[in-house]
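Down below is the structure, laid out as structure tokens.
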Amino acid sequence: MSAVSPGSLVTGLMAGVGMALLSGVADAGSMPENLTFLEKPVTSEQIALGNDVYAEFCASCHGTNLEGQENWRRRLDTGRMPAPPHDASGHTWRHSDRELFAMTRFGVGAVVPGYESDMPAFEDVLSDEEIIAVLGYIKSVWPDEERAFQHNLNPKDGMAK
């Protein structure tokens, strides 16, 4: 049996912590309880897929850590708003699952008619399963209070509890 040096142990632990932070959720044991999307449980596999899809299609605007663009509350020279954060500091958790899905699939104008946004519709880019996975991933990083607030919006949006 070979000895493990303290340096390699620390390096290995730090790499593991870094990967957990990058993925949003370290493992199924750290998944939030009762995480759902459209009243269906979100799995750790969906969160992993959502993390990958988010990194490829969303992070360039909404930030690697869901932090949004700088000065996201201030209009750009174009008159449009910058990409908001998807973490607890933003307002994503103030929208129901149906609204979040519609905005992602069809564009913000699907929920706010006439609203012009730089966010494209992903209808022809992502499958419904990929959109649900991304939104599940985003919800998985919210604190319990924001997740509960958002969950309570769903029945008000015509969804059966």
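Identifiers in the structure tokens: chain A, B, ... in order shown; residue index from 1 per chain; ligand index from 1 in order shown.
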- [ ] List the neighbours of segment 145-152 of chain A out to 9 Å using only C-alpha atoms; skip same-chain residues closer than 4 positions along the sequence, and give me the result as an MDAnalysis selection string.
- [x] chainID A and resid 35:37 39 88 92:97 139:141 156
Open item on the list: Neighbouring residues of Gly136 of chain A were defined as those with any atom within 7 Å, considering only C-alpha atoms; residues of the same chain fewer than 6 positions away were excluded. Please report them as a VMD selection string.
Closed with: chain A and resid 37 42 47 50
TODO: Would you mind reading off the distance between atom CA of Pro155 of chain A and atom CA of Leu38 of chain A, one decimal, in Å?
DONE: 9.8 Å
- [ ] Write out as JSON, numbers by chain all residues of segment 58-140 of chain A that DSSP puts in helix (DSSP H, G or I) for this structure's backbone.
- [x] {"A": [59, 60, 61, 62, 92, 93, 94, 97, 98, 99, 100, 101, 102, 103, 104, 105, 106, 108, 109, 110, 128, 129, 130, 131, 132, 133, 134, 135, 136, 137, 138, 139, 140]}
Open item on the list: Just want the 10 Å neighbourhood of Asp128 of chain A, counted on only C-alpha atoms, with same-chain residues fewer than 5 positions away dropped. Output as a list in words.
Closed with: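 Returned residues: Phe101, Thr104, Arg105, Phe122, Glu123, Ala133 and Val134 of chain A.
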Would you put the residues from that selection into a file with N, CA, C and O atoms, as a CSV table (one decimal), in the first residue's frame?
chain,number,residue,atom,x,y,z
A,101,PHE,N,-40.3,28.1,-18.7
A,101,PHE,CA,-40.3,27.2,-19.8
A,101,PHE,C,-40.6,28.0,-21.1
A,101,PHE,O,-39.9,27.9,-22.1
A,104,THR,N,-37.9,30.4,-22.2
A,104,THR,CA,-36.7,29.8,-22.7
A,104,THR,C,-37.0,29.2,-24.1
A,104,THR,O,-36.2,29.4,-25.0
A,105,ARG,N,-38.1,28.6,-24.2
A,105,ARG,CA,-38.5,27.9,-25.5
A,105,ARG,C,-38.8,28.9,-26.6
A,105,ARG,O,-38.4,28.9,-27.7
A,122,PHE,N,-35.2,29.3,-27.8
A,122,PHE,CA,-34.4,28.1,-28.0
A,122,PHE,C,-35.2,26.9,-28.6
A,122,PHE,O,-34.8,25.8,-28.5
A,123,GLU,N,-36.3,27.2,-29.1
A,123,GLU,CA,-37.3,26.3,-29.7
A,123,GLU,C,-36.6,25.3,-30.7
A,123,GLU,O,-36.9,24.1,-30.7
A,133,ALA,N,-34.2,20.4,-18.1
A,133,ALA,CA,-32.9,20.1,-17.3
A,133,ALA,C,-32.2,21.4,-16.9
A,133,ALA,O,-31.8,21.5,-15.8
A,134,VAL,N,-32.1,22.3,-17.8
A,134,VAL,CA,-31.5,23.6,-17.5
A,134,VAL,C,-32.2,24.3,-16.4
A,134,VAL,O,-31.6,24.8,-15.4
- [ ] May I ask which of the residues A:Leu66, A:Cys58, A:Val108, A:Ala102 is the closest one to Gly90 of chain A, counting only C-alpha atoms?
- [x]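 Going through A:Leu66, A:Cys58, A:Val108, A:Ala102 one by one, the smallest distance to Gly90 of chain A is for A:Leu66.
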Open item on the list: Taking only segment 7-157 of chain A into account, list the residues labelled strand (DSSP E) by DSSP (computed from the backbone), as a ChimeraX atom specification.
Closed with: /A:36-37,40-41
